[in-house]
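S.K.: First the structure, which I've put down as structure tokens, then a few questions once you've had a look.
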Amino acid sequence: MDTLRLVTFRELEIAVRVFHPEAPRTVIAWHGLARHGGDFAALARELGPEWRVLAPDTPGRGLSSWSLYPANDYLYSHYMTVALAVMDHFELDRTAWIGTSMGGLLGMLLAADPSSAGRIERLVLNDVGPELVPQGLAELATYFTVPHRFSRLSQLEAELRRHYAGFGIDDEDAWRQLTLESARRLPDGSWTYHYDPRIGEQFVHDTPRDTWADWKAIRCPLMVVRGEDSPLLSEDIVTRMGEAQPELETLAVPGCGHAPMLDRPSQVAPIKAFLEKSPAEQPHEQSRAITRPWWRRLLGLGAS
């Protein structure tokens, strides 16, 4: 990252990693369930210096605060308010959004909700959709609802390589960097992952909803990236996503499961082309009223 911004939201401090802070265009990149914004360093490099990439750490992950009330805060409804607070902090009336896994579902909910839909200018979902393969989802929930402890850092790295094989990382230095950014030392000298172990309670406390209805309600340009070996997002689900949203753009990534790391030209170039496509090239795009940040409404300012 080029700089780190710390955003205060209620009792929490939200760490936002900023790449290319002076760039003329902005995209928010939101990570998966147990990851952090640092995962998007390669994406920022591939997008290039004309894109400012804001990569927040969700509460309970990375450099952001851990919640004192996990049952209330580790929920999508709360993440939505955090995301809007981040947008307000950076004075973003509208922005493009790239979301991996959980971050993609978060972007989808924001783009579907009438109160926030106008804030999402276009949306890229990375290996996630309005429906997920039940077995893959159950395995994910099981993995992150139990504590993980390793006597040695090398053991943690070995487990990272096993569990995140779907990232498609093929560089030794990248694996070592992922290890360094994923590890947290415990008081007894052992190692664990960087996140709050209670984030898994999301699977217990979050309220089920009809996300297909959310998907059909979205009116901004849409793109979905799918790892060809994904255990969570099947080809059939992507086909049905396209039937519900005929203008959907798709990208299948070979050699990846859940979820492509978005770390190389073959993955990022199509995303960049989608982000930079002009509205004239998307004739069926429908606009929605932009919900202005509170500080703009208070001052009587229009949306920029």
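Labels for the structure tokens follow display order: chains A, B, ..., residues from 1 in each chain, ligands from 1.
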Could you build a table of the residues in stretch 184-231 of chain A lying no more than 8 Å from stretch 62-86 of chain A, giving for each the nearest pair of atoms and their separation in Å rounded to one decimal place, using only C-alpha atoms, ordered by chain and ascending residue number, as a Markdown table?
M.R.:
| residue | atom | partner | partner_atom | distance |
| --- | --- | --- | --- | --- |
| A:His194 | CA | A:Gly62 | CA | 6.1 |
| A:Tyr195 | CA | A:Gly62 | CA | 6.3 |
| A:Asp196 | CA | A:Trp66 | CA | 6.4 |
| A:Arg198 | CA | A:Pro70 | CA | 6.7 |
| A:Ile199 | CA | A:Tyr74 | CA | 6.0 |
| A:Glu201 | CA | A:Ala71 | CA | 6.8 |
| A:Gln202 | CA | A:Tyr74 | CA | 5.5 |
| A:His205 | CA | A:Ala71 | CA | 6.2 |
| A:Asp206 | CA | A:Leu75 | CA | 5.5 |
S.K.: Could I get the residues of stretch 17-69 of chain A with an atom no further than 12 Å from an atom of stretch 88-93 of chain A, each paired with its nearest atom pair and that distance in Å to one decimal, using only C-alpha atoms, sorted by chain and residue number, as JSON lines?
M.R.:
{"residue": "A:Val18", "atom": "CA", "partner": "A:Phe90", "partner_atom": "CA", "distance": 10.9}
{"residue": "A:Pro21", "atom": "CA", "partner": "A:Phe90", "partner_atom": "CA", "distance": 10.9}
{"residue": "A:Arg25", "atom": "CA", "partner": "A:Leu92", "partner_atom": "CA", "distance": 10.9}
{"residue": "A:Thr26", "atom": "CA", "partner": "A:Leu92", "partner_atom": "CA", "distance": 8.8}
{"residue": "A:Val27", "atom": "CA", "partner": "A:Leu92", "partner_atom": "CA", "distance": 10.0}
{"residue": "A:Ile28", "atom": "CA", "partner": "A:Leu92", "partner_atom": "CA", "distance": 10.2}
{"residue": "A:Arg52", "atom": "CA", "partner": "A:Phe90", "partner_atom": "CA", "distance": 11.3}
{"residue": "A:Val53", "atom": "CA", "partner": "A:Phe90", "partner_atom": "CA", "distance": 11.7}
{"residue": "A:Leu54", "atom": "CA", "partner": "A:Phe90", "partner_atom": "CA", "distance": 9.3}
{"residue": "A:Pro56", "atom": "CA", "partner": "A:Phe90", "partner_atom": "CA", "distance": 11.8}
S.K.: One decimal, in Å: what's the spacing between atom CA of A:Thr95 and atom CA of A:Glu121?
M.R.: 5.1 Å
S.K.: Any idea what's packed within 9 Å of stretch 229-235 of chain A, counting only C-alpha atoms, ignoring anything in its chain fewer than 4 positions away? Could you give it as number ranges by chain?
M.R.: A: 127-129, 131-137, 166, 239-240, 253-259
S.K.: Please identify all polymer residues within 10 Å of A:Gln177, counting only C-alpha atoms, omitting same-chain residues fewer than 5 positions from it, and present them as a list in words.
M.R.: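 Here the qualifying residues turn out to be Asp39, Glu157, Glu172 and Ser182 of chain A.
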S.K.: So that I can check the surroundings of A:Pro49, please list as a PyMOL selection string every protein, DNA and RNA residue that reaches within 9 Å of it, counting only C-alpha atoms and ignoring chain neighbours fewer than 4 positions away.
M.R.: chain A and resi 19-24+44-45
S.K.: Would you mind telling me which residue in A:Lys216, A:Arg17, A:Arg5, A:His163 lies nearest to A:Glu243 when using only C-alpha atoms?
M.R.: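 Using only C-alpha atoms, A:Glu243 sits closest to A:Lys216.
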S.K.: Excluding A:Glu276 and any residue of its chain fewer than 3 positions from it, enumerate the residues within 12 Å of it, using only C-alpha atoms, and give them as JSON, numbers by chain.
M.R.: {"A": [25, 26, 27, 47, 50, 51, 96, 121, 122, 221, 269, 270, 271, 272, 273, 279, 280, 281, 282]}
S.K.: Hey, which of A:Ile120, A:Ala55, A:Leu153, A:Leu33 ends up closest to A:Leu186? Count only C-alpha atoms.
M.R.: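 Looking only at the distances to A:Leu186, the closest residue turns out to be A:Leu153.
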S.K.: Could you check the closest approach to A:Gly103 for each of A:Arg152, A:His36, A:Lys277, A:Arg161 and tell me which residue wins, using only C-alpha atoms?
M.R.: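 Comparing A:Arg152, A:His36, A:Lys277, A:Arg161 against A:Gly103, the winner is A:His36.
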S.K.: Residues near A:Trp212, anyone? I mean within 9 Å using only C-alpha atoms, not counting same-chain ones fewer than 2 positions away, as an mmCIF file with C-alpha atoms, in the first residue's frame.
M.R.:
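This is the output file selection-v6.cif:
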data_model
loop_
_atom_site.group_PDB
_atom_site.id
_atom_site.type_symbol
_atom_site.label_atom_id
_atom_site.label_comp_id
_atom_site.auth_asym_id
_atom_site.auth_seq_id
_atom_site.Cartn_x
_atom_site.Cartn_y
_atom_site.Cartn_z
ATOM 1 C CA GLY A 129 -22.990 -14.860 -6.340
ATOM 2 C CA PRO A 130 -26.571 -14.855 -5.032
ATOM 3 C CA GLU A 131 -26.334 -18.604 -4.490
ATOM 4 C CA ARG A 209 -32.405 -13.489 2.951
ATOM 5 C CA ASP A 210 -33.417 -13.993 -0.663
ATOM 6 C CA ASP A 214 -31.212 -8.734 -4.407
ATOM 7 C CA TRP A 215 -29.367 -9.830 -7.547
ATOM 8 C CA LYS A 216 -32.357 -9.143 -9.796
ATOM 9 C CA ALA A 217 -32.822 -5.694 -8.232
ATOM 10 C CA MET A 241 -27.012 -15.083 -12.871
ATOM 11 C CA ALA A 244 -31.436 -12.728 -14.445
#
S.K.: Out of stretch 80-130 of chain A, which residues get alpha helix (DSSP H) from DSSP, as a list in words?
M.R.: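 Going through stretch 80-130 of chain A, the alpha helix (DSSP H) residues come out as Met80, Thr81, Val82, Ala83, Leu84, Ala85, Val86, Met87, Asp88, His89, Met102, Gly103, Gly104, Leu105, Leu106, Gly107, Met108, Leu109, Leu110, Ala111 and Ala112 of chain A.
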S.K.: Any chance you could export the current selection's all heavy atoms as a tab-separated table (two decimals), in the first residue's frame?
M.R.:
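Contents of result-v3.tsv, as written:
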chain	number	residue	atom	x	y	z
A	80	MET	N	-22.40	-3.19	5.92
A	80	MET	CA	-22.94	-2.20	4.99
A	80	MET	C	-22.80	-0.79	5.55
A	80	MET	O	-22.41	0.15	4.84
A	80	MET	CB	-24.41	-2.50	4.68
A	80	MET	CG	-24.62	-3.75	3.83
A	80	MET	SD	-26.36	-4.23	3.66
A	80	MET	CE	-26.96	-2.92	2.58
A	81	THR	N	-23.09	-0.62	6.83
A	81	THR	CA	-22.95	0.72	7.43
A	81	THR	C	-21.49	1.13	7.50
A	81	THR	O	-21.15	2.30	7.32
A	81	THR	CB	-23.59	0.76	8.83
A	81	THR	OG1	-22.93	-0.17	9.70
A	81	THR	CG2	-25.07	0.44	8.78
A	82	VAL	N	-20.60	0.17	7.74
A	82	VAL	CA	-19.17	0.46	7.75
A	82	VAL	C	-18.72	0.91	6.36
A	82	VAL	O	-17.99	1.89	6.20
A	82	VAL	CB	-18.36	-0.77	8.21
A	82	VAL	CG1	-16.86	-0.57	7.97
A	82	VAL	CG2	-18.63	-1.08	9.68
A	83	ALA	N	-19.17	0.19	5.33
A	83	ALA	CA	-18.79	0.52	3.96
A	83	ALA	C	-19.26	1.92	3.59
A	83	ALA	O	-18.52	2.71	2.97
A	83	ALA	CB	-19.37	-0.50	2.99
A	84	LEU	N	-20.48	2.27	3.97
A	84	LEU	CA	-20.99	3.61	3.66
A	84	LEU	C	-20.22	4.68	4.42
A	84	LEU	O	-19.97	5.77	3.89
A	84	LEU	CB	-22.49	3.68	3.99
A	84	LEU	CG	-23.39	2.82	3.09
A	84	LEU	CD1	-24.81	2.80	3.63
A	84	LEU	CD2	-23.36	3.30	1.66
A	85	ALA	N	-19.80	4.37	5.65
A	85	ALA	CA	-18.99	5.31	6.40
A	85	ALA	C	-17.64	5.53	5.74
A	85	ALA	O	-17.11	6.65	5.72
A	85	ALA	CB	-18.80	4.81	7.84
A	86	VAL	N	-17.05	4.46	5.19
A	86	VAL	CA	-15.79	4.59	4.46
A	86	VAL	C	-15.99	5.47	3.22
A	86	VAL	O	-15.18	6.36	2.93
A	86	VAL	CB	-15.24	3.20	4.07
A	86	VAL	CG1	-14.08	3.34	3.09
A	86	VAL	CG2	-14.79	2.45	5.32
A	87	MET	N	-17.07	5.24	2.48
A	87	MET	CA	-17.34	6.07	1.31
A	87	MET	C	-17.51	7.54	1.69
A	87	MET	O	-16.98	8.44	1.02
A	87	MET	CB	-18.60	5.58	0.60
A	87	MET	CG	-18.46	4.26	-0.09
A	87	MET	SD	-19.96	3.88	-1.06
A	87	MET	CE	-20.03	2.12	-0.84
A	88	ASP	N	-18.23	7.79	2.78
A	88	ASP	CA	-18.42	9.17	3.23
A	88	ASP	C	-17.09	9.80	3.63
A	88	ASP	O	-16.84	10.97	3.34
A	88	ASP	CB	-19.40	9.21	4.40
A	88	ASP	CG	-20.83	8.89	3.99
A	88	ASP	OD1	-21.10	8.86	2.77
A	88	ASP	OD2	-21.67	8.66	4.88
A	89	HIS	N	-16.25	9.03	4.31
A	89	HIS	CA	-14.96	9.56	4.74
A	89	HIS	C	-14.13	10.02	3.55
A	89	HIS	O	-13.46	11.06	3.62
A	89	HIS	CB	-14.19	8.50	5.53
A	89	HIS	CG	-12.83	8.93	5.96
A	89	HIS	ND1	-12.61	9.64	7.12
A	89	HIS	CD2	-11.61	8.78	5.37
A	89	HIS	CE1	-11.32	9.89	7.24
A	89	HIS	NE2	-10.69	9.39	6.19
A	102	MET	N	-16.92	-12.70	0.47
A	102	MET	CA	-17.72	-11.88	1.35
A	102	MET	C	-17.80	-10.43	0.88
A	102	MET	O	-18.86	-9.80	0.93
A	102	MET	CB	-17.16	-11.92	2.78
A	102	MET	CG	-17.96	-11.10	3.79
A	102	MET	SD	-17.07	-10.86	5.36
A	102	MET	CE	-15.87	-9.60	4.87
A	103	GLY	N	-16.68	-9.90	0.40
A	103	GLY	CA	-16.67	-8.53	-0.10
A	103	GLY	C	-17.55	-8.34	-1.32
A	103	GLY	O	-18.10	-7.27	-1.54
A	104	GLY	N	-17.69	-9.40	-2.13
A	104	GLY	CA	-18.58	-9.34	-3.27
A	104	GLY	C	-20.04	-9.34	-2.84
A	104	GLY	O	-20.86	-8.59	-3.37
A	105	LEU	N	-20.38	-10.19	-1.87
A	105	LEU	CA	-21.75	-10.20	-1.36
A	105	LEU	C	-22.10	-8.87	-0.72
A	105	LEU	O	-23.22	-8.37	-0.87
A	105	LEU	CB	-21.92	-11.33	-0.34
A	105	LEU	CG	-21.97	-12.75	-0.91
A	105	LEU	CD1	-22.04	-13.77	0.21
A	105	LEU	CD2	-23.14	-12.92	-1.86
A	106	LEU	N	-21.14	-8.27	-0.03
A	106	LEU	CA	-21.36	-6.96	0.56
A	106	LEU	C	-21.66	-5.93	-0.52
A	106	LEU	O	-22.61	-5.14	-0.41
A	106	LEU	CB	-20.14	-6.54	1.38
A	106	LEU	CG	-20.15	-5.15	1.99
A	106	LEU	CD1	-21.38	-4.96	2.89
A	106	LEU	CD2	-18.87	-4.91	2.78
A	107	GLY	N	-20.88	-5.92	-1.59
A	107	GLY	CA	-21.13	-5.01	-2.69
A	107	GLY	C	-22.48	-5.25	-3.34
A	107	GLY	O	-23.19	-4.31	-3.72
A	108	MET	N	-22.87	-6.52	-3.46
A	108	MET	CA	-24.16	-6.87	-4.05
A	108	MET	C	-25.31	-6.33	-3.20
A	108	MET	O	-26.29	-5.77	-3.73
A	108	MET	CB	-24.27	-8.38	-4.20
A	108	MET	CG	-25.47	-8.84	-4.99
A	108	MET	SD	-25.53	-10.64	-5.19
A	108	MET	CE	-26.13	-11.12	-3.57
A	109	LEU	N	-25.20	-6.46	-1.89
A	109	LEU	CA	-26.25	-5.96	-1.01
A	109	LEU	C	-26.36	-4.44	-1.08
A	109	LEU	O	-27.46	-3.88	-1.09
A	109	LEU	CB	-25.98	-6.42	0.43
A	109	LEU	CG	-26.04	-7.92	0.67
A	109	LEU	CD1	-25.68	-8.25	2.12
A	109	LEU	CD2	-27.42	-8.48	0.34
A	110	LEU	N	-25.21	-3.77	-1.14
A	110	LEU	CA	-25.22	-2.31	-1.26
A	110	LEU	C	-25.86	-1.88	-2.58
A	110	LEU	O	-26.62	-0.91	-2.64
A	110	LEU	CB	-23.80	-1.76	-1.17
A	110	LEU	CG	-23.14	-1.83	0.21
A	110	LEU	CD1	-21.64	-1.57	0.08
A	110	LEU	CD2	-23.76	-0.82	1.16
A	111	ALA	N	-25.54	-2.59	-3.66
A	111	ALA	CA	-26.06	-2.24	-4.98
A	111	ALA	C	-27.55	-2.56	-5.12
A	111	ALA	O	-28.22	-2.01	-6.01
A	111	ALA	CB	-25.27	-2.97	-6.06
A	112	ALA	N	-28.07	-3.44	-4.28
A	112	ALA	CA	-29.47	-3.84	-4.36
A	112	ALA	C	-30.37	-3.02	-3.45
A	112	ALA	O	-31.57	-2.86	-3.72
A	112	ALA	CB	-29.62	-5.33	-4.03
